[in-house]
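*Asks:* Okay, so here is run_24.cif, and as you'll see once you scroll down, it has mmCIF, C-alpha atoms (C1' of nucleotides).
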data_coords
#
loop_
_atom_site.label_atom_id
_atom_site.label_comp_id
_atom_site.auth_asym_id
_atom_site.auth_seq_id
_atom_site.Cartn_x
_atom_site.Cartn_y
_atom_site.Cartn_z
CA MET A 4 89.71 102.60 74.29
CA LYS A 5 88.63 99.89 71.87
CA LEU A 6 85.76 97.51 72.38
CA GLU A 7 84.72 94.73 70.03
CA CYS A 8 82.66 91.59 70.02
CA ARG A 9 84.42 88.77 68.22
CA ILE A 10 83.57 85.29 67.07
CA ASP A 11 86.60 83.04 66.68
CA ALA A 12 86.99 79.39 65.79
CA ASP A 13 90.80 79.42 65.80
CA ALA A 14 92.36 76.58 67.71
CA GLU A 15 95.92 77.51 66.72
CA HIS A 16 97.28 80.97 67.18
CA GLU A 17 100.55 82.60 68.17
CA LEU A 18 101.06 84.16 71.55
CA HIS A 19 100.84 87.91 71.14
CA ARG A 20 101.57 90.90 73.32
CA HIS A 21 100.96 94.64 73.34
CA ASP A 22 101.37 97.60 75.64
CA LEU A 23 97.64 97.93 76.28
CA LEU A 24 95.53 96.59 79.12
CA GLU A 25 93.02 93.98 78.00
CA ILE A 26 89.87 92.40 79.39
CA SER A 27 88.22 89.43 77.67
CA VAL A 28 84.67 88.41 78.52
CA LEU A 29 83.76 84.99 77.18
CA LEU A 30 80.10 84.83 76.10
CA GLU A 31 79.71 81.47 74.38
CA ASN A 32 81.43 78.06 74.37
CA GLU A 33 84.70 76.97 75.89
CA ALA A 34 88.04 78.64 75.35
CA LYS A 35 91.71 78.04 76.06
CA PHE A 36 93.49 81.04 77.50
CA LYS A 37 97.21 81.23 77.80
CA LEU A 38 99.00 83.83 79.85
CA LEU A 39 102.79 83.60 80.07
CA ASP A 40 103.34 79.89 80.69
CA ARG A 41 100.03 79.11 82.32
CA GLU A 42 97.04 77.79 80.48
CA TYR A 43 93.48 78.32 81.67
CA ARG A 44 90.25 76.71 80.53
CA GLY A 45 87.50 79.29 80.17
CA ALA A 46 83.73 78.70 80.19
CA ALA A 47 80.97 81.06 79.08
CA GLY A 48 80.76 83.95 81.53
CA ASP A 49 84.41 83.82 82.59
CA VAL A 50 86.45 87.00 82.56
CA PHE A 51 90.19 87.25 81.87
CA LEU A 52 92.50 90.18 82.26
CA PHE A 53 95.81 90.54 80.44
CA ARG A 54 98.56 92.81 81.62
CA PRO A 55 100.70 94.95 79.32
CA TYR A 56 103.48 93.06 77.53
CA GLU A 57 102.46 89.67 78.92
CA PRO A 58 102.30 87.24 75.98
CA HIS A 59 98.85 85.68 75.75
CA TYR A 60 96.21 84.14 73.50
CA ASN A 61 92.58 83.09 73.73
CA LEU A 62 91.32 80.35 71.44
CA ALA A 63 88.31 78.13 70.94
CA ALA A 64 88.80 74.90 72.91
CA ASP A 65 86.92 73.09 70.13
CA PRO A 66 87.21 74.58 66.61
CA ARG A 67 83.73 73.22 65.78
CA ARG A 68 82.30 75.41 68.53
CA PRO A 69 83.51 78.97 67.90
CA ILE A 70 83.83 81.24 70.90
CA ARG A 71 82.02 84.55 71.08
CA TRP A 72 83.70 87.07 73.30
CA ILE A 73 83.93 90.76 74.04
CA LEU A 74 87.35 92.32 73.94
CA VAL A 75 88.08 95.55 75.82
CA LEU A 76 91.43 97.18 75.07
CA PHE A 77 92.55 100.41 76.69
CA SER A 78 95.61 102.38 77.73
CA ALA A 79 96.33 103.11 81.39
CA SER A 80 96.01 106.86 80.85
CA VAL A 81 92.25 106.55 80.25
CA VAL A 82 91.71 106.29 84.03
CA ARG A 83 92.73 109.95 84.35
CA LEU A 84 89.13 110.70 83.39
CA ILE A 85 87.71 108.74 86.34
CA PRO A 86 87.70 110.21 89.87
CA GLY A 87 90.13 108.10 91.91
CA GLY A 88 90.66 106.08 88.73
CA TYR A 89 94.32 105.33 89.37
CA ARG A 90 93.36 102.80 92.04
CA LEU A 91 91.41 100.86 89.42
CA LEU A 92 94.64 99.84 87.68
CA TYR A 93 95.80 97.73 90.61
CA PRO A 94 94.56 94.41 89.13
CA PHE A 95 96.62 95.06 85.99
CA TYR A 96 99.89 95.85 87.72
CA SER A 97 99.87 93.45 90.64
CA GLN A 98 101.15 89.91 90.17
CA GLU A 99 99.09 88.89 93.18
CA VAL A 100 95.76 89.08 91.33
CA CYS A 101 94.59 85.95 89.52
CA PRO A 102 93.81 86.90 85.88
CA HIS A 103 90.87 84.49 85.68
CA LEU A 104 87.49 85.45 87.20
CA PRO A 105 85.18 82.43 87.05
CA ALA A 106 81.64 83.00 85.82
CA ALA A 107 80.29 81.98 89.23
CA SER A 108 81.85 85.04 90.83
CA PRO A 109 79.36 87.92 91.28
CA TYR A 110 82.06 90.28 89.98
CA ALA A 111 82.38 88.32 86.73
CA ALA A 112 78.61 88.45 86.29
CA ARG A 113 78.56 92.24 86.73
CA ILE A 114 81.51 92.67 84.38
CA ARG A 115 79.78 90.54 81.74
CA GLU A 116 76.61 92.65 82.01
CA ALA A 117 78.58 95.90 81.79
CA ALA A 118 80.61 94.67 78.81
CA MET A 119 77.48 93.63 76.94
CA ALA A 120 75.79 96.95 77.69
CA ALA A 121 78.92 98.81 76.49
CA TYR A 122 78.91 96.80 73.29
CA GLU A 123 75.21 97.40 72.68
CA GLU A 124 75.74 101.15 73.08
CA GLN A 125 78.44 100.98 70.44
CA GLU A 126 76.21 99.01 68.07
CA GLU A 127 73.15 101.23 68.45
CA GLN A 128 75.08 104.52 68.39
CA LEU A 129 72.24 106.49 69.96
CA PRO A 130 73.00 110.12 70.90
CA GLY A 131 75.54 110.21 73.76
CA TRP A 132 76.49 106.55 73.34
CA GLU A 133 80.20 107.22 74.01
CA SER A 134 79.40 108.64 77.45
CA LYS A 135 77.15 105.71 78.27
CA GLN A 136 79.79 103.28 77.06
CA PHE A 137 82.44 104.94 79.22
CA MET A 138 80.11 104.59 82.20
CA HIS A 139 79.89 100.83 81.58
CA PHE A 140 83.64 100.67 81.09
CA THR A 141 84.13 102.34 84.50
CA ASP A 142 81.75 99.79 85.96
CA ILE A 143 83.93 96.98 84.57
CA LEU A 144 87.07 98.47 86.14
CA VAL A 145 85.40 99.05 89.50
CA ASN A 146 84.21 95.45 89.65
CA LEU A 147 87.67 94.17 88.75
CA TYR A 148 89.15 96.36 91.45
CA ARG A 149 86.67 95.15 94.08
CA TYR A 150 87.38 91.57 93.08
CA SER A 151 91.14 92.16 93.49
CA LEU A 152 90.58 93.83 96.88
CA GLU A 153 88.62 90.81 98.01
CA GLN A 154 91.46 88.55 96.86
CA ALA A 155 94.04 90.67 98.65
CA GLU A 156 91.95 90.65 101.80
CA SER A 157 91.50 86.87 101.80
CA ALA A 158 95.26 86.50 101.33
CA GLY A 159 95.79 88.68 104.42
CA GLU A 160 97.37 91.51 102.47
CA SER A 161 96.91 95.21 103.14
CA GLU A 162 94.90 97.35 100.76
CA PRO A 163 96.91 98.13 97.63
CA ALA A 164 97.85 101.72 96.97
CA VAL A 165 97.99 102.85 93.37
CA ASP A 166 98.21 106.60 93.01
CA ALA A 167 98.73 109.02 90.13
CA GLY A 168 102.50 109.07 90.58
CA VAL A 169 102.85 105.29 90.41
CA VAL A 170 100.70 105.16 87.29
CA ALA A 171 102.80 107.93 85.70
CA ALA A 172 105.93 105.89 86.48
CA VAL A 173 104.42 102.68 85.11
CA GLU A 174 103.27 104.47 81.96
CA HIS A 175 106.78 105.83 81.48
CA ILE A 176 108.20 102.31 81.83
CA LEU A 177 105.75 100.88 79.29
CA LYS A 178 106.42 103.69 76.83
CA HIS A 179 110.21 103.46 77.09
CA LEU A 180 110.62 99.78 77.94
CA THR A 181 113.21 99.12 75.25
CA GLU A 182 115.21 102.25 75.99
CA ASP A 183 117.40 103.24 78.94
CA ILE A 184 115.15 103.91 81.91
CA ASP A 185 116.62 105.94 84.75
CA VAL A 186 114.86 105.29 88.06
CA ARG A 187 115.56 108.92 89.01
CA GLU A 188 113.28 109.97 86.16
CA LEU A 189 110.55 107.75 87.60
CA ILE A 190 111.03 109.33 91.03
CA ALA A 191 110.77 112.77 89.42
CA LEU A 192 107.52 111.72 87.71
CA TYR A 193 106.23 110.44 91.02
CA GLY A 194 106.77 113.91 92.45
CA LYS A 195 107.54 112.97 96.07
CA GLY A 196 110.44 111.45 97.96
CA LYS A 197 112.23 108.34 96.76
CA THR A 198 111.39 106.29 99.87
CA CYS A 199 107.72 107.01 99.36
CA PHE A 200 108.08 106.13 95.67
CA TYR A 201 109.75 102.78 96.29
CA SER A 202 107.23 101.90 98.96
CA ARG A 203 104.15 102.85 96.87
CA PHE A 204 105.52 101.24 93.75
CA ARG A 205 106.15 97.97 95.56
CA GLN A 206 102.69 98.07 97.14
CA ALA A 207 101.03 98.58 93.76
CA VAL A 208 103.13 96.35 91.51
CA GLY A 209 104.55 93.83 93.95
CA VAL A 210 108.21 94.30 93.00
CA THR A 211 110.76 97.13 92.81
CA PRO A 212 110.79 99.33 89.67
CA ASN A 213 113.92 97.69 88.30
CA ARG A 214 112.56 94.20 88.75
CA PHE A 215 109.30 95.24 87.09
CA ILE A 216 111.25 96.55 84.09
CA HIS A 217 113.26 93.32 83.82
CA ARG A 218 110.16 91.17 84.11
CA LEU A 219 108.56 92.97 81.17
CA ARG A 220 111.78 92.88 79.14
CA MET A 221 112.13 89.15 79.72
CA GLN A 222 108.58 88.63 78.44
CA VAL A 223 109.47 90.57 75.29
CA ALA A 224 112.68 88.54 74.94
CA MET A 225 110.86 85.21 75.25
CA HIS A 226 108.34 86.30 72.65
CA LEU A 227 111.07 87.36 70.19
CA LEU A 228 113.02 84.14 70.76
CA LYS A 229 109.91 82.12 69.98
CA THR A 230 108.56 84.05 67.04
CA THR A 231 111.54 85.54 65.19
CA GLU A 232 114.86 84.52 63.68
CA LEU A 233 116.66 87.49 65.22
CA SER A 234 120.03 86.68 66.77
CA ILE A 235 120.22 86.64 70.56
CA THR A 236 122.43 89.73 70.40
CA ASP A 237 119.78 91.59 68.40
CA ILE A 238 117.05 90.45 70.78
CA ALA A 239 119.05 91.68 73.77
CA PHE A 240 119.34 95.13 72.19
CA GLU A 241 115.71 95.03 71.07
CA CYS A 242 114.68 94.46 74.69
CA GLY A 243 116.67 97.40 76.00
CA TYR A 244 119.82 95.62 77.13
CA SER A 245 123.13 97.05 76.00
CA SER A 246 125.17 94.23 77.48
CA ILE A 247 124.88 90.64 76.25
CA PRO A 248 126.37 89.05 79.39
CA TYR A 249 123.88 90.97 81.48
CA PHE A 250 120.98 89.92 79.24
CA ASN A 251 122.09 86.28 79.45
CA LYS A 252 122.51 86.48 83.19
CA HIS A 253 119.01 87.91 83.61
CA PHE A 254 117.43 85.44 81.25
CA LYS A 255 118.98 82.58 83.15
CA GLN A 256 117.76 83.99 86.45
CA TYR A 257 114.27 84.37 85.00
CA ARG A 258 113.95 81.05 83.15
CA ASP A 259 116.73 78.86 84.60
CA ILE A 260 118.09 78.25 81.09
CA SER A 261 120.09 80.34 78.61
CA PRO A 262 118.31 82.17 75.75
CA ARG A 263 119.75 79.76 73.19
CA GLU A 264 118.60 76.71 75.11
CA TYR A 265 115.16 78.28 75.52
CA ARG A 266 114.90 78.85 71.74
CA ASN A 267 116.05 75.30 71.01
CA ARG A 268 113.51 73.81 73.42
CA VAL A 269 110.68 75.87 71.92
CA ARG A 270 111.64 74.76 68.41
CA ARG A 271 111.87 71.12 69.39
CA ALA A 272 108.39 71.36 70.91
CA MET A 273 106.86 72.81 67.71
"C1'" DT B 27 111.78 113.57 103.72
"C1'" DT B 28 116.64 112.93 103.76
"C1'" DG B 29 121.03 110.80 103.74
"C1'" DA B 30 124.02 106.86 104.72
"C1'" DG B 31 125.35 102.58 103.50
"C1'" DC B 32 124.84 97.94 101.87
"C1'" DG B 33 123.89 95.08 98.16
"C1'" DT B 34 122.78 94.59 93.48
"C1'" DC B 35 123.10 96.26 88.87
"C1'" DG B 36 125.39 96.95 84.59
"C1'" DT B 37 129.51 97.24 81.82
"C1'" DT B 38 133.83 95.70 79.99
"C1'" DA B 39 137.24 92.43 78.74
"C1'" DA B 40 138.88 87.91 78.20
"C1'" DT B 41 138.04 83.29 77.31
"C1'" DT B 42 135.70 79.12 75.96
"C1'" DG B 43 132.23 76.53 73.51
"C1'" DA B 44 128.88 75.70 69.75
"C1'" DT B 45 127.46 76.04 65.09
"C1'" DC B 46 127.82 76.68 60.25
"C1'" DG C 8 138.16 79.41 60.41
"C1'" DA C 9 134.53 82.78 61.23
"C1'" DT C 10 130.80 84.05 63.78
"C1'" DC C 11 127.75 83.94 67.49
"C1'" DA C 12 126.62 82.73 72.22
"C1'" DA C 13 127.80 81.78 77.02
"C1'" DT C 14 130.55 82.29 81.11
"C1'" DT C 15 133.45 84.49 84.47
"C1'" DA C 16 135.73 88.16 87.01
"C1'" DA C 17 136.40 92.77 88.32
"C1'" DC C 18 134.83 97.20 89.44
"C1'" DG C 19 132.31 101.54 89.46
"C1'" DA C 20 127.53 103.16 89.54
"C1'" DC C 21 123.23 103.05 91.21
"C1'" DG C 22 118.96 100.98 93.44
"C1'" DC C 23 116.88 100.20 97.49
"C1'" DT C 24 116.17 100.05 102.50
"C1'" DC C 25 116.39 101.80 107.00
"C1'" DA C 26 116.99 104.98 110.72
"C1'" DA C 27 116.52 109.56 112.24
#
Output the structure of this file as structure tokens.

*Replies:*
Amino acid sequence: MKLECRIDADAEHELHRHDLLEISVLLENEAKFKLLDREYRGAAGDVFLFRPYEPHYNLAADPRRPIRWILVLFSASVVRLIPGGYRLLYPFYSQEVCPHLPAASPYAARIREAAMAAYEEQEEQLPGWESKQFMHFTDILVNLYRYSLEQAESAGESEPAVDAGVVAAVEHILKHLTEDIDVRELIALYGKGKTCFYSRFRQAVGVTPNRFIHRLRMQVAMHLLKTTELSITDIAFECGYSSIPYFNKHFKQYRDISPREYRNRVRRAM
DNA sequence: TTGAGCGTCGTTAATTGATC
DNA sequence: GATCAATTAACGACGCTCAA
């Protein structure tokens, strides 16, 4: 787990991605957040969550007014240390949860307080500060989870079910995203029957395992098309596809245009 | 939880088009 | 002309759902 308080005046910045889960708590001034293709305007007190592999950035809306924000980065496996912690990952794996918690929400306020307390512990480094910081970190996750439950409830959805087996499967996917992933391995990691696995996975993530894998791979592909000079063939292999026609077919399904056209459009827009 | 079965996935090969 | 990218068709493998 990594926690830092940053002050940034950048107004231009490349989209970036990583395999970690990320929470940003905006403390001062206005920011522009971008997640995938959606842009959000953030005010002081707002909280944003970024899912693994989703390209994103967070920048000062006005370079003359630098943003101050707390960044919390962690890997999914950290929740093993929390009783019932697997459930707390639901907001990061479900597409149903809005990544932007406005400052007015009581959950955002509690998350902001917990993040600041966690940061203060780190700064002061009093005896036992790591334990105290972890306690605040747990508090952040619990509030995010409760917020997502409230969202699910208002949308008329049933309570999400994230259990240890689903998290193990998701972790395996994230770790081996660009390699061949056999769903049978995921079922073995889950440890119960395949029907149960498919049902729980869909409940937690919102899509089937294969679709989840493709969604992440497409995000990697879009990022590489935008930010590198790699050929489309190389990008396909880099993203875990061993068949170019299949990569093209998927890309077109995902974006409605071919990879080459996507790259051309991005370059024209720059 | 299991197994059957349908539908989709993923690969290969051939061909065409675009770009340098 | 060479290389890279896109498209299409065919087919076996596998993912996923449903009923028992």

*Asks:* So which residues get picked by the PyMOL selection byres ((chain C and resi 14-19) around 10) here, written as number ranges by chain?

*Replies:* A: 248, 251-252; B: 36-43; C: 12-13, 20-21

*Asks:* Between atom CA of A:Lys35 and atom CA of A:Ala63, what distance in Å does the model show, to one decimal?

*Replies:*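 Interatomic distance, atom CA of A:Lys35 to atom CA of A:Ala63: 6.1 Å.
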
*Asks:* If you take only C-alpha atoms (C1' of nucleotides) and a cut-off of 12 Å, which residues of chain A touch chain B, and what are their nearest atom pairs and distances in Å to one decimal, in chain and number order, as a tab-separated table?

*Replies:*
residue	atom	partner	partner_atom	distance
A:Asp183	CA	B:DG36	C1'	11.6
A:Lys195	CA	B:DT27	C1'	8.8
A:Gly196	CA	B:DT27	C1'	6.3
A:Lys197	CA	B:DT27	C1'	8.7
A:Thr198	CA	B:DT27	C1'	8.2
A:Cys199	CA	B:DT27	C1'	8.9
A:Phe200	CA	B:DT27	C1'	11.6
A:Asn213	CA	B:DC35	C1'	9.3
A:Arg214	CA	B:DC35	C1'	10.7
A:His217	CA	B:DC35	C1'	11.4
A:Tyr244	CA	B:DG36	C1'	9.4
A:Ser245	CA	B:DT37	C1'	8.6
A:Ser246	CA	B:DT37	C1'	6.8
A:Ile247	CA	B:DT37	C1'	9.8
A:Pro248	CA	B:DT37	C1'	9.1
A:Tyr249	CA	B:DG36	C1'	6.9
A:Phe250	CA	B:DG36	C1'	9.9
A:Lys252	CA	B:DG36	C1'	10.9
A:His253	CA	B:DC35	C1'	10.7
A:Arg263	CA	B:DA44	C1'	10.6
A:Glu264	CA	B:DA44	C1'	11.6

*Asks:* Could you check the closest approach to chain C for each of A:Phe215, A:Phe137, A:Phe254, A:Tyr201 and tell me which residue wins, using only C-alpha atoms (C1' of nucleotides)?

*Replies:* A:Tyr201

*Asks:* For a quick check of understanding, using all atoms listed in the file, which of A:Leu233, A:Val269, A:Leu52, A:Val81 has the smallest distance to chain C?

*Replies:* A:Leu233

*Asks:* Taking the file as I've supplied it (selection: the PyMOL selection byres ((chain A and resi 111) around 9)), which residues are included? Please answer as a PyMOL selection string.

*Replies:* chain A and resi 28+48-50+104-110+112-116+146-147+150

*Asks:* Any idea what's packed within 12 Å of A:Phe77, counting only C-alpha atoms (C1' of nucleotides), ignoring anything in its chain fewer than 5 positions away? Could you give it as a count of residues only?

*Replies:* 22

*Asks:* Taking the file as shown, find all residues satisfying the PyMOL selection byres ((chain A and resi 102) around 6) and write them as a ChimeraX atom specification.

*Replies:* /A:51-52,101,103

*Asks:* Between atom CA of A:Ile235 and atom CA of A:Arg266, what is the distance, to one decimal in Å?

*Replies:*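 Atom CA of A:Arg266 lies 9.5 Å from atom CA of A:Ile235.
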
*Asks:* Given the point (104.1, 106.4, 80.0) in the file's coordinates, find the residues that have an atom at most 12 Å from it, counting all atoms listed in the file, and give them as a PyMOL selection string.

*Replies:* chain A and resi 22-23+55+78-81+167-180+184+188-189+192-193

*Asks:* One decimal, Å: what's the distance from atom CA of A:Tyr60 over to atom CA of A:Phe36, could you say?

*Replies:*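 According to the coordinates, atom CA of A:Tyr60 and atom CA of A:Phe36 are separated by 5.7 Å.
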
*Asks:* Can you work out which one of A:Ile70, A:Ala239, A:Ala120, A:Ala191 has the shortest atom-to-atom distance to chain C, counting all atoms listed in the file?

*Replies:*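 For chain C, the nearest of the candidates is A:Ala239.
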
*Asks:* Using all atoms listed in the file, pick whichever of A:Arg149, A:Arg258, A:Arg220, A:Arg205 has the shortest atom-to-atom distance to chain C.

*Replies:*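 Among A:Arg149, A:Arg258, A:Arg220, A:Arg205, it is A:Arg205 that comes nearest to chain C.
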
*Asks:* Please define a box with edges along x, y and z of the file around all atoms of stretch 11-19 of chain C given in the file, extend it by 5 Å on each side, and return its centre and edge lengths in Å to one decimal, as JSON.

*Replies:*
{"center_x": 131.5, "center_y": 91.7, "center_z": 78.5, "size_x": 19.8, "size_y": 29.8, "size_z": 32.0}

*Asks:* Identify which of the residues A:Arg71, A:Lys255, A:Lys229, A:Lys135 lies closest to chain C, counting only C-alpha atoms (C1' of nucleotides) when measuring atom-to-atom distances.

*Replies:* A:Lys255

*Asks:* Kindly indicate which residue among A:Arg270, A:Gly243, A:His226, A:Asp185 lies nearest to chain C, using all atoms listed in the file for the distances.

*Replies:*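 Of A:Arg270, A:Gly243, A:His226, A:Asp185, the one nearest chain C, counting all atoms listed in the file, is A:Asp185.
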
*Asks:* Starting from the sparse input, extend stretch 228-243 of chain A to N, CA, C and O atoms and give the output as an mmCIF file, in the coordinates of the input.

*Replies:*
data_model
loop_
_atom_site.group_PDB
_atom_site.id
_atom_site.type_symbol
_atom_site.label_atom_id
_atom_site.label_comp_id
_atom_site.auth_asym_id
_atom_site.auth_seq_id
_atom_site.Cartn_x
_atom_site.Cartn_y
_atom_site.Cartn_z
ATOM 1 N N LEU A 228 112.288 85.396 70.957
ATOM 2 C CA LEU A 228 113.020 84.140 70.760
ATOM 3 C C LEU A 228 112.128 83.089 70.114
ATOM 4 O O LEU A 228 112.566 82.298 69.285
ATOM 5 N N LYS A 229 110.859 83.097 70.506
ATOM 6 C CA LYS A 229 109.910 82.120 69.980
ATOM 7 C C LYS A 229 109.493 82.430 68.553
ATOM 8 O O LYS A 229 109.347 81.542 67.732
ATOM 9 N N THR A 230 109.265 83.706 68.276
ATOM 10 C CA THR A 230 108.560 84.050 67.040
ATOM 11 C C THR A 230 109.415 84.676 65.956
ATOM 12 O O THR A 230 108.913 84.953 64.879
ATOM 13 N N THR A 231 110.706 84.921 66.215
ATOM 14 C CA THR A 231 111.540 85.540 65.190
ATOM 15 C C THR A 231 112.834 84.758 64.996
ATOM 16 O O THR A 231 113.149 83.864 65.782
ATOM 17 N N GLU A 232 113.556 85.130 63.958
ATOM 18 C CA GLU A 232 114.860 84.520 63.680
ATOM 19 C C GLU A 232 115.980 85.463 64.097
ATOM 20 O O GLU A 232 117.146 85.242 63.751
ATOM 21 N N LEU A 233 115.638 86.525 64.806
ATOM 22 C CA LEU A 233 116.660 87.490 65.220
ATOM 23 C C LEU A 233 117.721 86.798 66.069
ATOM 24 O O LEU A 233 117.414 85.873 66.822
ATOM 25 N N SER A 234 118.969 87.254 65.944
ATOM 26 C CA SER A 234 120.030 86.680 66.770
ATOM 27 C C SER A 234 119.794 87.090 68.226
ATOM 28 O O SER A 234 119.089 88.073 68.507
ATOM 29 N N ILE A 235 120.396 86.351 69.135
ATOM 30 C CA ILE A 235 120.220 86.640 70.560
ATOM 31 C C ILE A 235 120.785 88.025 70.879
ATOM 32 O O ILE A 235 120.224 88.767 71.690
ATOM 33 N N THR A 236 121.858 88.384 70.203
ATOM 34 C CA THR A 236 122.430 89.730 70.400
ATOM 35 C C THR A 236 121.407 90.789 70.022
ATOM 36 O O THR A 236 121.168 91.740 70.775
ATOM 37 N N ASP A 237 120.781 90.617 68.861
ATOM 38 C CA ASP A 237 119.780 91.590 68.400
ATOM 39 C C ASP A 237 118.600 91.654 69.366
ATOM 40 O O ASP A 237 118.070 92.723 69.653
ATOM 41 N N ILE A 238 118.195 90.493 69.856
ATOM 42 C CA ILE A 238 117.050 90.450 70.780
ATOM 43 C C ILE A 238 117.395 91.181 72.076
ATOM 44 O O ILE A 238 116.583 91.927 72.616
ATOM 45 N N ALA A 239 118.621 90.981 72.537
ATOM 46 C CA ALA A 239 119.050 91.680 73.770
ATOM 47 C C ALA A 239 118.923 93.186 73.583
ATOM 48 O O ALA A 239 118.355 93.880 74.433
ATOM 49 N N PHE A 240 119.420 93.691 72.450
ATOM 50 C CA PHE A 240 119.340 95.130 72.190
ATOM 51 C C PHE A 240 117.885 95.577 72.017
ATOM 52 O O PHE A 240 117.480 96.627 72.501
ATOM 53 N N GLU A 241 117.130 94.737 71.324
ATOM 54 C CA GLU A 241 115.710 95.030 71.070
ATOM 55 C C GLU A 241 114.939 95.179 72.389
ATOM 56 O O GLU A 241 113.986 95.925 72.481
ATOM 57 N N CYS A 242 115.379 94.441 73.394
ATOM 58 C CA CYS A 242 114.680 94.460 74.690
ATOM 59 C C CYS A 242 115.223 95.535 75.629
ATOM 60 O O CYS A 242 114.782 95.635 76.770
ATOM 61 N N GLY A 243 116.177 96.309 75.162
ATOM 62 C CA GLY A 243 116.670 97.400 76.000
ATOM 63 C C GLY A 243 117.951 97.096 76.754
ATOM 64 O O GLY A 243 118.373 97.885 77.594
#
